[in-house]
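Below is final_10.tsv, which holds TSV, C-alpha atoms.
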chain	number	residue	atom	x	y	z
A	436	MET	CA	0.00	0.00	0.00
A	437	SER	CA	1.32	3.44	-0.92
A	438	LEU	CA	0.64	6.19	1.61
A	439	ASP	CA	-0.23	9.55	0.11
A	440	ALA	CA	1.14	12.94	1.16
A	441	ALA	CA	-1.97	13.88	3.14
A	442	SER	CA	-1.78	10.79	5.32
A	443	ASN	CA	1.96	11.33	5.64
A	444	MET	CA	1.25	14.51	7.65
A	445	SER	CA	-1.11	12.83	10.12
A	446	HIS	CA	-0.28	11.54	13.61
A	447	TRP	CA	1.04	14.93	14.67
A	448	GLN	CA	1.48	14.20	18.40
A	449	ASP	CA	3.40	11.04	17.53
A	450	ARG	CA	5.54	12.97	15.07
A	451	THR	CA	6.50	15.67	17.53
A	452	ASP	CA	7.29	13.14	20.26
A	453	LEU	CA	9.52	11.19	17.89
A	454	ALA	CA	11.24	14.33	16.60
A	455	ALA	CA	11.99	15.33	20.21
A	456	ALA	CA	13.60	11.93	20.81
A	457	PHE	CA	15.84	12.35	17.77
A	458	ARG	CA	16.94	15.82	18.88
A	459	TRP	CA	17.67	14.71	22.45
A	460	THR	CA	19.59	11.65	21.30
A	461	ALA	CA	21.86	13.95	19.31
A	462	ARG	CA	22.26	16.30	22.25
A	463	LEU	CA	23.37	13.35	24.42
A	464	ASN	CA	25.85	12.28	21.71
A	465	MET	CA	24.13	8.91	21.39
A	466	HIS	CA	23.61	9.37	17.63
A	467	GLU	CA	25.91	8.42	14.77
A	468	ALA	CA	26.15	11.08	12.07
A	469	VAL	CA	23.30	10.45	9.59
A	470	ALA	CA	22.92	6.76	10.49
A	471	ASN	CA	20.68	4.91	13.00
A	472	HIS	CA	16.90	4.91	13.04
A	473	PHE	CA	13.86	5.28	15.31
A	474	SER	CA	10.36	4.18	14.28
A	475	LEU	CA	6.87	4.32	15.74
A	476	ALA	CA	3.84	2.22	14.78
A	477	VAL	CA	0.68	4.25	14.20
A	478	ASN	CA	-1.99	1.67	13.33
A	479	GLU	CA	-3.48	-1.17	15.35
A	480	ASP	CA	-1.45	-4.05	13.96
A	481	GLY	CA	1.75	-2.01	13.94
A	482	THR	CA	2.47	-2.33	10.23
A	483	GLN	CA	2.25	1.39	9.44
A	484	PHE	CA	5.03	3.35	11.06
A	485	LEU	CA	6.85	6.67	11.19
A	486	ILE	CA	10.62	6.67	10.68
A	487	ASN	CA	13.39	9.18	10.04
A	488	PRO	CA	14.15	10.05	6.40
A	489	ASN	CA	17.20	8.69	4.64
A	490	GLN	CA	20.54	10.25	5.64
A	491	ALA	CA	19.07	12.92	7.94
A	492	HIS	CA	21.05	14.08	10.98
A	493	PHE	CA	19.20	13.53	14.26
A	494	ALA	CA	19.96	17.11	15.35
A	495	ARG	CA	17.92	18.55	12.44
A	496	ILE	CA	14.93	16.21	12.22
A	497	ARG	CA	11.51	17.88	12.38
A	498	ALA	CA	8.11	16.31	12.89
A	499	SER	CA	7.14	17.05	9.30
A	500	ASP	CA	10.26	15.29	7.96
A	501	LEU	CA	9.26	11.85	9.19
A	502	LEU	CA	8.25	9.23	6.66
A	503	LEU	CA	5.07	7.20	7.03
A	504	LEU	CA	5.65	3.70	5.71
A	505	ASP	CA	3.77	0.44	5.42
A	506	ALA	CA	5.77	-2.65	6.38
A	507	ASN	CA	3.83	-4.65	3.79
A	508	ASP	CA	4.52	-2.26	0.91
A	509	PRO	CA	6.72	-4.05	-1.66
A	510	ASP	CA	7.57	-0.74	-3.36
A	511	ALA	CA	8.78	1.13	-0.26
A	512	LEU	CA	12.35	1.31	-1.54
A	513	ASN	CA	11.38	2.37	-5.07
A	514	ARG	CA	9.95	5.81	-4.33
A	515	PRO	CA	11.90	9.10	-4.53
A	516	ASP	CA	11.54	9.53	-0.74
A	517	ALA	CA	12.53	5.94	0.00
A	518	PRO	CA	13.89	5.19	3.49
A	519	ASP	CA	17.42	4.01	4.13
A	520	PRO	CA	17.56	0.36	3.02
A	521	THR	CA	18.89	-0.82	6.38
A	522	ALA	CA	16.18	1.14	8.20
A	523	TRP	CA	13.60	-0.61	6.03
A	524	GLY	CA	15.24	-4.00	6.49
A	525	LEU	CA	15.38	-3.79	10.29
A	526	HIS	CA	12.37	-1.68	11.27
A	527	GLY	CA	10.10	-2.95	8.50
A	528	SER	CA	10.79	-6.52	9.59
A	529	ILE	CA	10.13	-5.79	13.25
A	530	HIS	CA	6.89	-3.91	12.61
A	531	ARG	CA	5.79	-6.71	10.30
A	532	ARG	CA	6.55	-9.52	12.77
A	533	CYS	CA	6.14	-7.95	16.22
A	534	PRO	CA	2.89	-6.01	16.76
A	535	HIS	CA	3.84	-5.42	20.41
A	536	ALA	CA	6.87	-3.38	19.24
A	537	ARG	CA	5.12	-0.03	18.98
A	538	CYS	CA	8.30	2.04	19.11
A	539	VAL	CA	11.68	0.74	17.93
A	540	MET	CA	14.92	2.62	18.56
A	541	HIS	CA	18.25	1.46	17.15
A	542	ALA	CA	21.47	3.28	18.02
A	543	HIS	CA	25.23	2.80	18.10
A	544	SER	CA	25.60	4.66	21.40
A	545	ILE	CA	29.12	4.29	22.75
A	546	PHE	CA	28.77	2.23	25.91
A	547	ALA	CA	26.03	-0.05	24.60
A	548	THR	CA	28.20	-0.71	21.56
A	549	VAL	CA	31.23	-1.43	23.75
A	550	LEU	CA	29.07	-3.96	25.61
A	551	ALA	CA	28.01	-5.43	22.25
A	552	SER	CA	31.67	-5.83	21.35
A	553	LEU	CA	32.60	-7.98	24.34
A	554	ALA	CA	32.81	-11.77	24.04
A	555	ASP	CA	30.27	-11.88	26.87
A	556	SER	CA	27.71	-9.12	26.30
A	557	THR	CA	25.70	-9.94	29.41
A	558	LEU	CA	24.86	-6.90	31.56
A	559	PRO	CA	25.17	-8.09	35.19
A	560	PRO	CA	23.09	-6.43	37.94
A	561	ILE	CA	25.60	-4.27	39.80
A	562	ASP	CA	23.42	-1.21	40.49
A	563	GLN	CA	19.83	-0.05	40.13
A	564	ASN	CA	20.14	0.82	36.44
A	565	THR	CA	21.73	-2.47	35.44
A	566	ALA	CA	19.16	-4.37	37.53
A	567	THR	CA	16.43	-2.66	35.48
A	568	PHE	CA	17.33	-4.95	32.59
A	569	TYR	CA	17.77	-8.18	34.49
A	570	ASN	CA	16.39	-11.09	32.41
A	571	ARG	CA	14.92	-8.59	29.96
A	572	VAL	CA	17.63	-8.52	27.28
A	573	VAL	CA	18.17	-10.57	24.13
A	574	ILE	CA	21.80	-10.94	23.06
A	575	ASP	CA	22.31	-11.43	19.34
A	576	GLU	CA	25.59	-13.25	18.79
A	577	SER	CA	25.21	-13.79	15.03
A	578	PHE	CA	25.97	-10.43	13.42
A	579	GLY	CA	25.48	-10.83	9.69
A	580	GLY	CA	26.50	-7.45	8.29
A	581	LEU	CA	24.33	-4.48	7.41
A	582	ALA	CA	20.66	-4.84	8.35
A	583	PHE	CA	19.22	-5.33	4.89
A	584	GLU	CA	16.07	-7.42	4.62
A	585	ASP	CA	17.49	-10.87	5.45
A	586	GLU	CA	19.43	-9.55	8.44
A	587	GLY	CA	16.43	-7.51	9.55
A	588	GLU	CA	14.19	-10.57	9.40
A	589	ARG	CA	16.71	-12.58	11.42
A	590	CYS	CA	16.83	-9.91	14.13
A	591	ALA	CA	13.05	-9.51	14.20
A	592	ALA	CA	12.63	-13.24	14.79
A	593	MET	CA	14.53	-12.82	18.07
A	594	LEU	CA	12.13	-10.17	19.38
A	595	THR	CA	8.82	-12.03	19.45
A	596	ASP	CA	8.81	-12.37	23.27
A	597	PRO	CA	7.17	-9.14	24.59
A	598	SER	CA	9.12	-9.44	27.86
A	599	LYS	CA	12.42	-8.89	26.01
A	600	LYS	CA	12.53	-5.18	25.23
A	601	VAL	CA	16.25	-4.72	24.62
A	602	MET	CA	18.49	-6.41	22.08
A	603	VAL	CA	22.24	-6.16	22.44
A	604	MET	CA	23.20	-6.52	18.80
A	605	GLY	CA	26.57	-8.23	19.03
A	606	ASN	CA	29.33	-6.40	17.11
A	607	HIS	CA	26.75	-3.76	16.18
A	608	GLY	CA	24.88	-1.69	18.78
A	609	VAL	CA	21.61	-1.73	20.70
A	610	LEU	CA	17.92	-1.90	19.85
A	611	VAL	CA	15.10	-1.15	22.27
A	612	LEU	CA	11.34	-1.59	22.07
A	613	GLY	CA	8.67	0.42	23.84
A	614	ASP	CA	4.94	0.97	24.09
A	615	SER	CA	5.40	4.63	23.13
A	616	VAL	CA	8.14	7.09	22.21
A	617	GLY	CA	8.58	8.03	25.85
A	618	ASP	CA	8.76	4.41	26.97
A	619	ALA	CA	11.31	3.44	24.33
A	620	PHE	CA	13.49	6.51	24.76
A	621	ASN	CA	13.52	6.15	28.53
A	622	ARG	CA	14.66	2.55	28.08
A	623	LEU	CA	17.35	3.54	25.56
A	624	TYR	CA	18.64	6.26	27.88
A	625	TYR	CA	18.82	4.03	30.94
A	626	PHE	CA	20.36	1.14	29.05
A	627	GLU	CA	23.17	3.40	27.89
A	628	ARG	CA	23.65	4.62	31.48
A	629	ALA	CA	23.66	1.05	32.74
A	630	ALA	CA	26.20	-0.03	30.11
A	631	GLU	CA	28.41	2.93	31.02
A	632	THR	CA	28.35	2.01	34.71
A	633	TYR	CA	29.30	-1.57	33.89
A	634	ILE	CA	32.08	-0.68	31.47
A	635	ARG	CA	33.56	1.85	33.89
A	636	ALA	CA	33.35	-0.68	36.71
A	637	LEU	CA	35.28	-3.18	34.57
A	638	GLN	CA	37.93	-0.53	33.93
A	639	THR	CA	38.76	-0.39	37.64
A	640	GLY	CA	39.93	-3.98	37.54
A	641	GLN	CA	38.27	-4.58	40.90
A	642	PRO	CA	35.79	-7.40	41.64
A	643	LEU	CA	32.14	-6.55	40.94
A	644	ARG	CA	29.54	-6.52	43.72
A	645	LEU	CA	26.65	-8.39	42.12
A	646	ILE	CA	23.09	-7.85	43.29
A	647	PRO	CA	21.45	-11.18	44.26
A	648	GLN	CA	19.22	-12.58	41.53
A	649	GLU	CA	15.98	-12.27	43.52
A	650	ILE	CA	16.70	-8.64	44.38
A	651	ALA	CA	17.65	-7.86	40.78
A	652	GLU	CA	14.35	-9.32	39.57
A	653	LYS	CA	12.43	-7.47	42.27
A	654	THR	CA	14.11	-4.19	41.28
A	655	ALA	CA	13.35	-4.75	37.59
A	656	ARG	CA	9.66	-5.38	38.35
A	657	GLU	CA	9.45	-2.32	40.61
A	658	LEU	CA	10.95	-0.08	37.93
A	659	GLU	CA	8.64	-1.50	35.25
A	660	ASP	CA	5.71	-0.36	37.38
A	661	TYR	CA	7.23	2.97	38.45
A	662	PRO	CA	4.45	5.50	37.83
A	663	GLY	CA	4.85	8.01	35.03
A	664	GLN	CA	8.63	8.17	34.76
A	665	ALA	CA	8.93	7.68	30.99
A	666	LYS	CA	6.12	10.11	30.26
A	667	ALA	CA	7.63	12.74	32.58
A	668	HIS	CA	11.06	12.23	31.02
A	669	LEU	CA	9.79	12.91	27.50
A	670	CYS	CA	7.68	15.84	28.70
A	671	ALA	CA	10.75	17.43	30.30
A	672	ILE	CA	12.77	16.92	27.11
A	673	ARG	CA	10.06	18.61	25.05
A	674	GLN	CA	9.88	21.54	27.46
A	675	ILE	CA	13.64	22.08	27.16
A	676	LEU	CA	13.53	21.80	23.37
A	677	ASP	CA	10.59	24.22	23.25
A	678	SER	CA	12.82	26.84	24.86
A	679	TYR	CA	15.80	26.65	22.50
A	680	ALA	CA	14.99	24.48	19.45
A	681	PRO	CA	11.21	24.64	18.92
A	682	ASP	CA	11.54	23.88	15.21
A	683	TYR	CA	11.61	20.15	16.08
A	684	ALA	CA	7.81	20.38	16.35
A	685	THR	CA	7.30	21.89	12.89

Would you kindly transcribe this structure into structure tokens?
Amino acid sequence: MSLDAASNMSHWQDRTDLAAAFRWTARLNMHEAVANHFSLAVNEDGTQFLINPNQAHFARIRASDLLLLDANDPDALNRPDAPDPTAWGLHGSIHRRCPHARCVMHAHSIFATVLASLADSTLPPIDQNTATFYNRVVIDESFGGLAFEDEGERCAAMLTDPSKKVMVMGNHGVLVLGDSVGDAFNRLYYFERAAETYIRALQTGQPLRLIPQEIAEKTARELEDYPGQAKAHLCAIRQILDSYAPDYAT
């Protein structure tokens, strides 16, 4: 199905939320030039989704720039405004296979990518942030090159369990899922913080103080149910952007 220009300007609240996430990711230096992609499903089965345009820097993305694609559209890569082929391969596959993945954020943020480069990419529970992700991460140990369609389909097949909302993409980066832009971005932010804590702890060369498994699981459940944090986080980001870079919402 081809989506016309009029429909491409719909979903304005979703667009402005997603544009804010792009801008803030750049401000935190978690972006990578004009690479990496965030997407957001906008229909019930998740197959229609917003995504950043091809080769656009996160620091300049506006709500009106976002593409509206259909994961089942065989001609998506043949139009003049076609998405990046790897964005289509990865995000199209996930939105096609995983209706629970409403928002998908893929980044090569430094500490998450360092974690993805280790022979053992497990994130042990050594503090509150790392415990957030206890038993909630998929580790992909079969990097197959750029995420064109076959690689995207392979990755998507590993994300069918709704309880696993983070993928450490071995030798590649990180991918997070969320119920909304705020939920996904909050998870991306805290995973990067958790990875940084772990990597810096390893750099000391000292033994790690591991949180007991039952306490790590308890902490993860408590944080999953923590009221309103992700929504408040995104709201605060938008308020800051409104004061110095309001064009994100145009």

field: CA of Pro509 (chain A) to CA of Ala619 (chain A), straight-line distance in Å
entry: 27.4 Å

- prompt: So which one's closest to His668 (chain A), A:Ala456, A:Leu553, A:Val611, A:Met540? Using only C-alpha atoms, please.
  reply: A:Ala456

message: Residues within 12 Å of region 639-646 of chain A, please, as a ChimeraX atom specification. Count all atoms listed in the file; anything in the same chain fewer than 4 positions from it doesn't count.
response: /A:558-567,569,632-635,650-655

message: With distances taken over only C-alpha atoms, which residue among A:Phe626, A:Asn507, A:Ala461, A:Asp660 lies nearest Arg495 (chain A)?
response: A:Ala461

Within 10 Å of region 444-450 of chain A using only C-alpha atoms, minus same-chain residues under 3 positions, as a PDB file with C-alpha atoms, in the coordinates of the input:
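Final file, result-v5.pdb:
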ATOM      1  CA  ASP A 439      -0.230   9.550   0.110  1.00  0.00           C
ATOM      2  CA  ALA A 440       1.140  12.940   1.160  1.00  0.00           C
ATOM      3  CA  ALA A 441      -1.970  13.880   3.140  1.00  0.00           C
ATOM      4  CA  LEU A 453       9.520  11.190  17.890  1.00  0.00           C
ATOM      5  CA  ALA A 454      11.240  14.330  16.600  1.00  0.00           C
ATOM      6  CA  ALA A 455      11.990  15.330  20.210  1.00  0.00           C
ATOM      7  CA  ALA A 456      13.600  11.930  20.810  1.00  0.00           C
ATOM      8  CA  LEU A 475       6.870   4.320  15.740  1.00  0.00           C
ATOM      9  CA  ALA A 476       3.840   2.220  14.780  1.00  0.00           C
ATOM     10  CA  VAL A 477       0.680   4.250  14.200  1.00  0.00           C
ATOM     11  CA  LEU A 485       6.850   6.670  11.190  1.00  0.00           C
ATOM     12  CA  ILE A 486      10.620   6.670  10.680  1.00  0.00           C
ATOM     13  CA  ARG A 497      11.510  17.880  12.380  1.00  0.00           C
ATOM     14  CA  ALA A 498       8.110  16.310  12.890  1.00  0.00           C
ATOM     15  CA  SER A 499       7.140  17.050   9.300  1.00  0.00           C
ATOM     16  CA  ASP A 500      10.260  15.290   7.960  1.00  0.00           C
ATOM     17  CA  LEU A 501       9.260  11.850   9.190  1.00  0.00           C
ATOM     18  CA  LEU A 502       8.250   9.230   6.660  1.00  0.00           C
ATOM     19  CA  LEU A 503       5.070   7.200   7.030  1.00  0.00           C
ATOM     20  CA  SER A 615       5.400   4.630  23.130  1.00  0.00           C
ATOM     21  CA  VAL A 616       8.140   7.090  22.210  1.00  0.00           C
ATOM     22  CA  TYR A 683      11.610  20.150  16.080  1.00  0.00           C
ATOM     23  CA  ALA A 684       7.810  20.380  16.350  1.00  0.00           C
ATOM     24  CA  THR A 685       7.300  21.890  12.890  1.00  0.00           C
TER      25      THR A 685
END

Shell of 7 Å around Phe583 (chain A), all atoms listed in the file, local chain residues under 5 positions omitted, as a count of residues only: 4

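Proximity of A:Pro534, A:Gly587, A:Pro681, A:Gly613 to Gln483 (chain A), computed with only C-alpha atoms, is greatest for A:Pro534.
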
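Interatomic distance, CA of Asp618 (chain A) against CA of Trp523 (chain A): 22.1 Å.
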
message: Given the point (13.1, -5.4, 28.4) in the file's coordinates, find the residues that have an atom at most 12 Å from it, counting all atoms listed in the file, and give them as JSON, numbers by chain.
response: {"A": [536, 565, 566, 567, 568, 569, 570, 571, 572, 573, 574, 594, 595, 596, 597, 598, 599, 600, 601, 602, 603, 610, 611, 612, 613, 614, 618, 619, 621, 622, 623, 625, 626, 652, 655, 656, 658, 659]}

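Relative to CA of Phe546 (chain A), CA of Glu631 (chain A) is found at 5.2 Å.
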